[in-house]
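Asker: You'll find model10.txt just under this line, and it carries compact mmCIF, C-alpha atoms.
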```txt
# COMPACT_ATOMS: atom_id res chain seq x y z
CA MET Y 1 95.63 73.04 82.10
CA GLU Y 2 94.93 73.75 85.76
CA PRO Y 3 98.35 72.62 87.09
CA VAL Y 4 100.08 74.58 84.30
CA ILE Y 5 98.08 77.73 85.10
CA PHE Y 6 98.84 77.29 88.80
CA LEU Y 7 102.56 76.99 88.01
CA ILE Y 8 102.44 80.12 85.83
CA TYR Y 9 100.80 82.13 88.61
CA ILE Y 10 103.30 80.90 91.21
CA VAL Y 11 106.32 81.70 89.02
CA VAL Y 12 104.94 85.14 88.13
CA PHE Y 13 104.15 85.83 91.77
CA LEU Y 14 107.59 84.76 93.03
CA TYR Y 15 109.50 86.87 90.55
CA SER Y 16 107.16 89.82 91.01
CA VAL Y 17 107.91 89.97 94.74
CA ILE Y 18 111.59 89.24 94.11
CA LEU Y 19 111.88 92.10 91.60
CA HIS Y 20 110.04 94.29 94.12
CA GLU Y 21 112.71 93.62 96.75
CA ILE Y 22 115.60 93.88 94.29
CA ALA Y 23 114.27 97.33 93.31
CA HIS Y 24 114.54 98.46 96.94
CA GLY Y 25 118.10 97.18 97.20
CA TRP Y 26 119.18 98.51 93.80
CA THR Y 27 117.81 101.97 94.58
CA ALA Y 28 119.47 102.00 97.99
CA ASN Y 29 122.76 101.05 96.31
CA ARG Y 30 122.36 103.94 93.86
CA PHE Y 31 122.00 106.29 96.82
CA GLY Y 32 125.09 104.96 98.57
CA ASP Y 33 123.90 102.05 100.73
CA ASP Y 34 125.38 98.83 99.36
CA THR Y 35 124.13 96.64 102.25
CA ALA Y 36 121.78 94.59 100.06
CA LYS Y 37 124.42 94.24 97.34
CA VAL Y 38 127.08 93.02 99.79
CA MET Y 39 124.64 90.49 101.25
CA GLY Y 40 123.85 89.10 97.80
CA ARG Y 41 120.25 90.32 97.77
CA LEU Y 42 120.39 91.88 94.30
CA SER Y 43 120.27 88.39 92.80
CA LEU Y 44 117.44 86.81 90.79
CA ASN Y 45 118.09 83.55 92.65
CA PRO Y 46 114.79 82.92 94.49
CA ILE Y 47 116.52 81.03 97.31
CA VAL Y 48 117.98 84.24 98.77
CA HIS Y 49 114.60 86.01 98.72
CA VAL Y 50 111.94 83.41 99.57
CA ASP Y 51 110.12 83.84 102.87
CA PRO Y 52 108.44 80.53 103.88
CA ILE Y 53 105.29 82.28 105.09
CA GLY Y 54 104.98 85.26 102.75
CA SER Y 55 106.29 83.63 99.58
CA ILE Y 56 104.77 80.17 99.96
CA ALA Y 57 102.15 79.69 102.69
CA VAL Y 58 100.11 82.90 102.28
CA PRO Y 59 99.81 82.85 98.45
CA LEU Y 60 99.10 79.11 98.48
CA LEU Y 61 96.29 79.55 101.01
CA LEU Y 62 94.85 82.46 99.02
CA TRP Y 63 94.92 80.37 95.85
CA LEU Y 64 93.33 77.32 97.47
CA SER Y 65 90.64 79.45 99.14
CA GLN Y 66 89.80 81.05 95.77
CA SER Y 67 90.05 84.49 97.36
CA GLY Y 68 90.16 86.21 93.97
CA PHE Y 69 93.62 87.70 94.41
CA LEU Y 70 97.16 86.57 95.10
CA PHE Y 71 99.33 88.40 97.60
CA GLY Y 72 102.45 87.79 99.66
CA TRP Y 73 105.99 88.99 100.16
CA ALA Y 74 109.65 88.07 99.94
CA LYS Y 75 112.25 88.59 102.67
CA PRO Y 76 112.77 92.37 102.91
CA VAL Y 77 116.14 93.53 101.64
CA PRO Y 78 118.29 95.19 104.31
CA VAL Y 79 118.50 98.97 103.94
CA ASN Y 80 120.51 101.28 106.21
CA PRO Y 81 118.90 104.73 105.85
CA TYR Y 82 121.86 106.37 107.63
CA ARG Y 83 124.15 105.40 104.73
CA LEU Y 84 121.90 106.90 102.06
CA LYS Y 85 123.14 110.05 100.38
CA GLY Y 86 120.22 112.39 99.99
CA GLY Y 87 118.49 112.17 103.35
CA ALA Y 88 114.74 111.68 103.55
CA MET Y 89 114.24 112.11 99.81
CA ALA Y 90 116.64 109.26 99.07
CA TYR Y 91 114.81 106.99 101.51
CA ARG Y 92 111.48 107.92 99.90
CA TRP Y 93 112.78 106.73 96.55
CA VAL Y 94 113.93 103.49 98.18
CA THR Y 95 110.50 102.92 99.74
CA VAL Y 96 108.55 103.48 96.51
CA ALA Y 97 111.01 101.63 94.22
CA GLY Y 98 109.25 98.30 94.68
CA ILE Y 99 105.81 99.78 94.05
CA LEU Y 100 107.02 101.54 90.90
CA THR Y 101 108.58 98.27 89.71
CA ASN Y 102 105.33 96.33 90.15
CA PHE Y 103 103.32 99.09 88.51
CA SER Y 104 105.75 99.19 85.57
CA LEU Y 105 105.46 95.42 85.13
CA ALA Y 106 101.65 95.73 85.16
CA VAL Y 107 101.80 98.46 82.48
CA MET Y 108 104.16 96.37 80.35
CA ALA Y 109 101.86 93.35 80.66
CA ALA Y 110 98.79 95.43 79.73
CA ILE Y 111 100.48 96.73 76.57
CA ILE Y 112 101.56 93.23 75.53
CA LEU Y 113 98.07 91.85 76.20
CA LYS Y 114 96.46 94.58 74.12
CA ILE Y 115 98.79 93.91 71.17
CA THR Y 116 98.60 90.11 71.31
CA THR Y 117 94.85 89.74 71.89
CA GLN Y 118 93.49 92.66 69.85
CA ASP Y 119 96.03 93.07 67.05
CA LEU Y 120 97.46 89.55 66.71
CA GLY Y 121 94.31 87.61 67.61
CA PHE Y 122 95.73 85.44 70.41
CA THR Y 123 92.99 83.76 72.49
CA VAL Y 124 92.62 83.88 76.27
CA ASN Y 125 93.62 80.19 76.43
CA ASN Y 126 97.06 80.90 75.00
CA LEU Y 127 99.72 80.27 77.64
CA GLY Y 128 101.49 83.52 76.78
CA VAL Y 129 98.26 85.46 77.28
CA ILE Y 130 97.70 83.67 80.59
CA PHE Y 131 101.27 84.54 81.65
CA PHE Y 132 100.87 88.25 80.95
CA SER Y 133 97.36 88.28 82.41
CA ALA Y 134 98.86 86.87 85.61
CA THR Y 135 101.65 89.46 85.43
CA LEU Y 136 99.13 92.27 85.10
CA GLN Y 137 96.87 91.07 87.92
CA ILE Y 138 99.56 90.12 90.42
CA ASN Y 139 101.72 93.20 89.96
CA LEU Y 140 98.78 95.57 90.19
CA VAL Y 141 97.67 93.85 93.40
CA LEU Y 142 101.22 94.06 94.81
CA ALA Y 143 101.55 97.74 93.88
CA ILE Y 144 98.23 98.68 95.49
CA PHE Y 145 98.71 96.56 98.61
CA ASN Y 146 102.23 97.81 99.25
CA PHE Y 147 101.07 101.41 98.93
CA LEU Y 148 98.65 100.97 101.84
CA PRO Y 149 99.77 103.03 104.88
CA PHE Y 150 99.95 100.04 107.22
CA PRO Y 151 102.91 99.03 109.44
CA GLY Y 152 105.52 97.09 107.51
CA PHE Y 153 104.19 98.20 104.12
CA ASP Y 154 106.03 100.52 101.75
CA GLY Y 155 103.27 103.10 102.08
CA TRP Y 156 103.89 103.23 105.83
CA ASN Y 157 107.65 103.58 105.38
CA PHE Y 158 107.08 106.37 102.85
CA LEU Y 159 104.78 108.33 105.18
CA THR Y 160 107.17 108.07 108.12
CA THR Y 161 109.86 109.94 106.13
CA PHE Y 162 107.84 113.12 106.64
CA ARG Y 163 108.74 114.86 109.90
CA PRO Y 164 105.20 115.86 111.04
CA ILE Y 165 103.93 112.31 110.60
CA ALA Y 166 107.02 110.81 112.25
CA GLN Y 167 106.62 113.17 115.21
CA LEU Y 168 102.95 112.28 115.55
CA LEU Y 169 103.68 108.56 115.48
CA SER Y 170 106.51 108.99 117.99
CA GLN Y 171 103.86 109.74 120.62
CA THR Y 172 102.17 106.36 120.07
CA PHE Y 173 102.97 102.69 120.67
CA LEU Y 174 103.72 102.41 116.94
CA ALA Y 175 107.08 104.09 117.62
CA ASN Y 176 108.14 101.23 119.89
CA PRO Y 177 110.49 99.02 117.79
CA LEU Y 178 109.98 96.04 120.10
CA PHE Y 179 106.21 96.28 119.73
CA MET Y 180 106.49 96.67 115.95
CA ALA Y 181 108.84 93.68 115.67
CA ARG Y 182 106.40 91.50 117.60
CA TYR Y 183 103.02 92.81 116.55
CA GLY Y 184 103.49 95.08 113.52
CA LEU Y 185 102.40 92.43 111.03
CA ALA Y 186 99.44 91.43 113.21
CA VAL Y 187 98.31 95.08 113.37
CA SER Y 188 98.41 95.27 109.57
CA VAL Y 189 96.51 91.99 109.16
CA VAL Y 190 93.77 93.24 111.51
CA LEU Y 191 93.56 96.57 109.67
CA ILE Y 192 93.29 94.78 106.31
CA PHE Y 193 90.55 92.51 107.67
CA LEU Y 194 88.56 95.43 109.13
CA LEU Y 195 88.99 97.64 106.09
CA MET Y 196 88.60 94.95 103.42
CA PRO Y 197 85.40 96.47 101.97
CA VAL Y 198 87.22 99.80 101.51
CA ILE Y 199 90.35 98.10 100.16
CA GLY Y 200 88.19 96.04 97.80
CA SER Y 201 86.58 99.22 96.48
CA ILE Y 202 90.03 100.74 95.91
CA PHE Y 203 91.12 97.61 94.03
CA GLY Y 204 88.00 97.64 91.88
CA PHE Y 205 88.36 101.33 91.07
CA ILE Y 206 92.05 101.12 90.09
CA PHE Y 207 91.59 97.88 88.13
CA GLY Y 208 88.68 99.47 86.31
CA LEU Y 209 90.75 102.54 85.43
CA PHE Y 210 93.57 100.30 84.20
CA ILE Y 211 91.29 98.19 82.02
CA ARG Y 212 89.56 101.23 80.52
CA PHE Y 213 92.80 103.11 79.93
CA PHE Y 214 94.40 100.23 78.02
CA GLY Y 215 91.14 99.15 76.40
CA LEU Y 216 91.36 95.56 77.58
```
Let me see the file written as structure tokens.

Answerer:
Amino acid sequence: MEPVIFLIYIVVFLYSVILHEIAHGWTANRFGDDTAKVMGRLSLNPIVHVDPIGSIAVPLLLWLSQSGFLFGWAKPVPVNPYRLKGGAMAYRWVTVAGILTNFSLAVMAAIILKITTQDLGFTVNNLGVIFFSATLQINLVLAIFNFLPFPGFDGWNFLTTFRPIAQLLSQTFLANPLFMARYGLAVSVVLIFLLMPVIGSIFGFIFGLFIRFFGL
């Protein structure tokens, strides 16, 4: 079963991050920026979304190290905020679209798990139950992680749409695009490492709320 379970988790992970990115592009297109659509990034074809490091190396290392969670990313869809109709509010919707997609998938999976395991009597060894368990876990992790206010994350992009925060950041090295291109990801990795106990507590709290709310 182990190789089958591994394959299920990888497939669920890949399409969870792909749907996350498609949500950004689809929302941007709805607000007038068709950049992602023109570049073919609204496709379910994984080839156009896979990032060798974020989609393969990072999740594989996390799985092999038995870290307890699976995380990674796909290639970000291109969004031109200057083409969006609706200003800052439109860009806010674009930034949170991926998070809302992952959260919605987690909710859907929780409902299906509740029905299949509690009403229909499916066991935890059932491949369908394993699939939706993976969907719940992975999408909740992706939603929480992406909401963190760290450089390169959706939470960061959302916060920077507010003028006072943008003005404050403009006085720091974080406003330097060259620095962010070179070291933005490294800054986020360091922050995650330093704040892992806090992040772990946040994960535990939200997972606990989710489990209690759906009665799983």

Asker: So that each row is one residue of segment 85-201 of chain Y with an atom at most 8 Å from segment 4-10 of chain Y, can you give its shortest atom pair and the distance in Å to one decimal, using all atoms listed in the file, rows by chain and rising number, as CSV?

Answerer:
```
residue,atom,partner,partner_atom,distance
Y:Ile130,CA,Y:Ile5,CA,7.5
Y:Phe131,CA,Y:Ile8,CA,6.2
Y:Ala134,CA,Y:Tyr9,CA,5.9
```

Asker: Which residue is closest to Asp119 of chain Y? Choose from Y:Leu216, Y:Leu168, Y:Ala36, Y:Tyr91 and count all atoms listed in the file.

Answerer: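 Of all the options, Y:Leu216 lies closest to Asp119 of chain Y.
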
Asker: What does the distance between atom CA of Thr161 of chain Y and atom CA of Arg92 of chain Y come to in Å, to one decimal place?

Answerer: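 Atom-to-atom, atom CA of Thr161 of chain Y to atom CA of Arg92 of chain Y, that is 6.7 Å.
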
Asker: Could you check how far atom CA of Val12 of chain Y sits from atom CA of Asp33 of chain Y, in Å to one decimal?

Answerer: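 Between atom CA of Val12 of chain Y and atom CA of Asp33 of chain Y the gap works out to 28.4 Å.
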
Asker: With 8 Å on each side, where is the centre of the axis-aligned box around all listed atoms of segment 159-172 of chain Y, and how long are its edges in Å to one decimal, as JSON?

Answerer:
```
{"center_x": 106.0, "center_y": 111.1, "center_z": 112.9, "size_x": 23.7, "size_y": 25.5, "size_z": 31.4}
```

Asker: In terms of the shortest atom-to-atom distance over only C-alpha atoms, which of Y:Trp93, Y:Phe147, Y:Phe13, Y:Phe103 is closest to Asn29 of chain Y?

Answerer: Y:Trp93

Asker: Tell me which of Y:Ile138, Y:Ala88, Y:Leu42, Y:Leu191 sits closest to Val11 of chain Y, counting only C-alpha atoms.

Answerer: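 For Val11 of chain Y, the nearest of the candidates is Y:Ile138.
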
Asker: Mind giving me the straight-line distance from atom CA of Ala90 of chain Y to atom CA of Gly184 of chain Y in Å, one decimal?

Answerer: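 Computing it gives 24.1 Å between the two atoms.
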
Asker: Could you check which of Y:Gln167, Y:His20, Y:Ser188, Y:Val141 is closest to Ile206 of chain Y, using only C-alpha atoms?

Answerer: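 When distances to Ile206 of chain Y are compared using only C-alpha atoms, the smallest one comes from Y:Val141.
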
Asker: Go through Y:Ser201, Y:Asn139, Y:Ser133, Y:Thr117 and flag the residue nearest Ser16 of chain Y, using only C-alpha atoms for the distances.

Answerer: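 Using only C-alpha atoms, the shortest distance to Ser16 of chain Y belongs to Y:Asn139.
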
Asker: Restricting the calculation to all atoms listed in the file: of Y:Leu60, Y:Leu140, Y:Met180, Y:Val79, which residue gets closest to Ala109 of chain Y?

Answerer: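 Answer, going by the shortest atom-to-atom distance: Y:Leu140.
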
Asker: Excluding same-chain residues fewer than 2 positions from Phe203 of chain Y, what lies within 12 Å of it counting all atoms listed in the file, as a list in words?

Answerer: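 Returned residues: Gly68, Phe69, Gln137, Ile138, Leu140, Val141, Leu142, Ala143, Ile144, Phe145, Phe147, Leu148, Met196, Pro197, Val198, Ile199, Gly200, Ser201, Phe205, Ile206, Phe207, Gly208, Leu209 and Phe210 of chain Y.
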
Asker: Show which residues sit within 10 Å of Pro78 of chain Y, as a list in words. Count only C-alpha atoms, and ignore same-chain residues fewer than 4 positions away.

Answerer: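 So the residues in contact are Glu21, His24, Gly25, Ala28, Asp33, Asp34, Thr35, Ala36, Lys37, Met39 and Arg41 of chain Y.
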
Asker: Counting all atoms listed in the file, write as a PyMOL selection string all protein and nucleic acid residues lying at most 12 Å from (94.4, 102.9, 76.9) in the file's frame.

Answerer: chain Y and resi 107+110-111+113-115+208-216

Asker: Restricted to C-alpha atoms, what does segment 84-204 of chain Y look like when written out as a tab-separated table (two decimals), in the first residue's frame?

Answerer:
```tsv
chain	number	residue	atom	x	y	z
Y	84	LEU	CA	-6.73	44.88	-13.23
Y	85	LYS	CA	-10.01	46.76	-13.19
Y	86	GLY	CA	-10.83	47.58	-9.60
Y	87	GLY	CA	-7.53	48.80	-8.21
Y	88	ALA	CA	-6.24	47.50	-4.91
Y	89	MET	CA	-9.44	45.61	-4.12
Y	90	ALA	CA	-9.18	43.62	-7.35
Y	91	TYR	CA	-5.58	42.70	-6.56
Y	92	ARG	CA	-6.60	41.62	-3.05
Y	93	TRP	CA	-9.08	39.18	-4.55
Y	94	VAL	CA	-6.36	37.86	-6.85
Y	95	THR	CA	-3.97	37.34	-3.93
Y	96	VAL	CA	-6.48	35.44	-1.77
Y	97	ALA	CA	-8.02	33.40	-4.62
Y	98	GLY	CA	-5.54	30.55	-4.20
Y	99	ILE	CA	-6.00	30.42	-0.43
Y	100	LEU	CA	-9.79	30.38	-0.78
Y	101	THR	CA	-9.49	27.58	-3.36
Y	102	ASN	CA	-7.38	25.41	-1.05
Y	103	PHE	CA	-9.67	26.11	1.90
Y	104	SER	CA	-12.73	25.23	-0.21
Y	105	LEU	CA	-11.12	21.94	-1.27
Y	106	ALA	CA	-10.36	21.15	2.39
Y	107	VAL	CA	-14.00	21.84	3.35
Y	108	MET	CA	-15.26	19.67	0.49
Y	109	ALA	CA	-12.94	16.84	1.54
Y	110	ALA	CA	-14.05	17.11	5.18
Y	111	ILE	CA	-17.72	16.84	4.22
Y	112	ILE	CA	-17.07	13.81	2.00
Y	113	LEU	CA	-14.99	12.14	4.73
Y	114	LYS	CA	-17.73	12.68	7.30
Y	115	ILE	CA	-20.38	11.16	5.02
Y	116	THR	CA	-18.29	8.20	3.83
Y	117	THR	CA	-16.75	7.20	7.17
Y	118	GLN	CA	-19.60	7.98	9.57
Y	119	ASP	CA	-22.73	7.45	7.48
Y	120	LEU	CA	-21.57	4.89	4.89
Y	121	GLY	CA	-19.10	3.00	7.09
Y	122	PHE	CA	-16.00	3.25	4.87
Y	123	THR	CA	-12.79	2.34	6.73
Y	124	VAL	CA	-9.63	4.44	6.95
Y	125	ASN	CA	-7.85	1.90	4.69
Y	126	ASN	CA	-10.21	2.61	1.81
Y	127	LEU	CA	-8.32	4.32	-1.03
Y	128	GLY	CA	-11.10	6.88	-1.47
Y	129	VAL	CA	-10.91	7.79	2.22
Y	130	ILE	CA	-7.12	8.06	1.95
Y	131	PHE	CA	-7.51	10.32	-1.11
Y	132	PHE	CA	-9.88	12.73	0.62
Y	133	SER	CA	-7.86	12.60	3.84
Y	134	ALA	CA	-4.85	13.69	1.79
Y	135	THR	CA	-6.96	16.38	0.13
Y	136	LEU	CA	-8.06	17.72	3.51
Y	137	GLN	CA	-4.59	17.71	5.05
Y	138	ILE	CA	-2.66	19.10	2.10
Y	139	ASN	CA	-5.11	21.86	1.21
Y	140	LEU	CA	-5.44	23.03	4.79
Y	141	VAL	CA	-1.64	23.17	5.06
Y	142	LEU	CA	-1.40	25.09	1.77
Y	143	ALA	CA	-4.12	27.55	2.82
Y	144	ILE	CA	-2.48	28.27	6.18
Y	145	PHE	CA	1.07	28.48	4.84
Y	146	ASN	CA	0.14	30.78	1.98
Y	147	PHE	CA	-1.67	33.11	4.36
Y	148	LEU	CA	1.53	33.71	6.33
Y	149	PRO	CA	2.75	37.32	5.89
Y	150	PHE	CA	6.17	36.33	4.55
Y	151	PRO	CA	7.82	37.59	1.33
Y	152	GLY	CA	6.59	35.71	-1.72
Y	153	PHE	CA	3.53	34.33	0.07
Y	154	ASP	CA	-0.05	35.34	-0.70
Y	155	GLY	CA	-0.43	36.79	2.78
Y	156	TRP	CA	2.47	39.14	2.08
Y	157	ASN	CA	1.04	40.20	-1.28
Y	158	PHE	CA	-2.34	40.83	0.37
Y	159	LEU	CA	-0.86	43.03	3.11
Y	160	THR	CA	1.15	45.12	0.66
Y	161	THR	CA	-2.07	46.22	-1.10
Y	162	PHE	CA	-2.79	48.44	1.91
Y	163	ARG	CA	-1.17	51.87	1.55
Y	164	PRO	CA	0.09	52.31	5.16
Y	165	ILE	CA	1.82	48.93	5.09
Y	166	ALA	CA	3.23	49.52	1.60
Y	167	GLN	CA	4.59	52.91	2.69
Y	168	LEU	CA	6.18	51.39	5.78
Y	169	LEU	CA	7.83	48.63	3.76
Y	170	SER	CA	9.03	51.15	1.17
Y	171	GLN	CA	11.45	52.46	3.80
Y	172	THR	CA	13.11	49.04	4.18
Y	173	PHE	CA	15.28	46.73	2.10
Y	174	LEU	CA	12.15	44.64	1.46
Y	175	ALA	CA	11.07	47.26	-1.10
Y	176	ASN	CA	14.16	46.57	-3.22
Y	177	PRO	CA	12.98	44.31	-6.11
Y	178	LEU	CA	16.53	43.12	-6.81
Y	179	PHE	CA	16.99	42.06	-3.18
Y	180	MET	CA	13.58	40.34	-3.14
Y	181	ALA	CA	14.31	38.49	-6.39
Y	182	ARG	CA	17.60	37.18	-4.99
Y	183	TYR	CA	16.85	36.69	-1.31
Y	184	GLY	CA	13.07	36.92	-0.80
Y	185	LEU	CA	12.61	33.16	-0.63
Y	186	ALA	CA	15.61	32.78	1.67
Y	187	VAL	CA	14.16	35.41	4.03
Y	188	SER	CA	10.89	33.48	4.17
Y	189	VAL	CA	12.66	30.15	4.79
Y	190	VAL	CA	14.62	31.68	7.68
Y	191	LEU	CA	11.45	33.21	9.15
Y	192	ILE	CA	9.63	29.87	8.91
Y	193	PHE	CA	12.55	28.10	10.59
Y	194	LEU	CA	12.75	30.64	13.43
Y	195	LEU	CA	9.00	30.80	13.95
Y	196	MET	CA	8.24	27.11	13.47
Y	197	PRO	CA	7.02	26.61	17.07
Y	198	VAL	CA	4.52	29.46	16.58
Y	199	ILE	CA	3.54	28.25	13.11
Y	200	GLY	CA	3.12	24.72	14.49
Y	201	SER	CA	0.79	26.03	17.19
Y	202	ILE	CA	-1.26	27.86	14.55
Y	203	PHE	CA	-1.49	24.66	12.50
Y	204	GLY	CA	-2.55	22.63	15.51
```
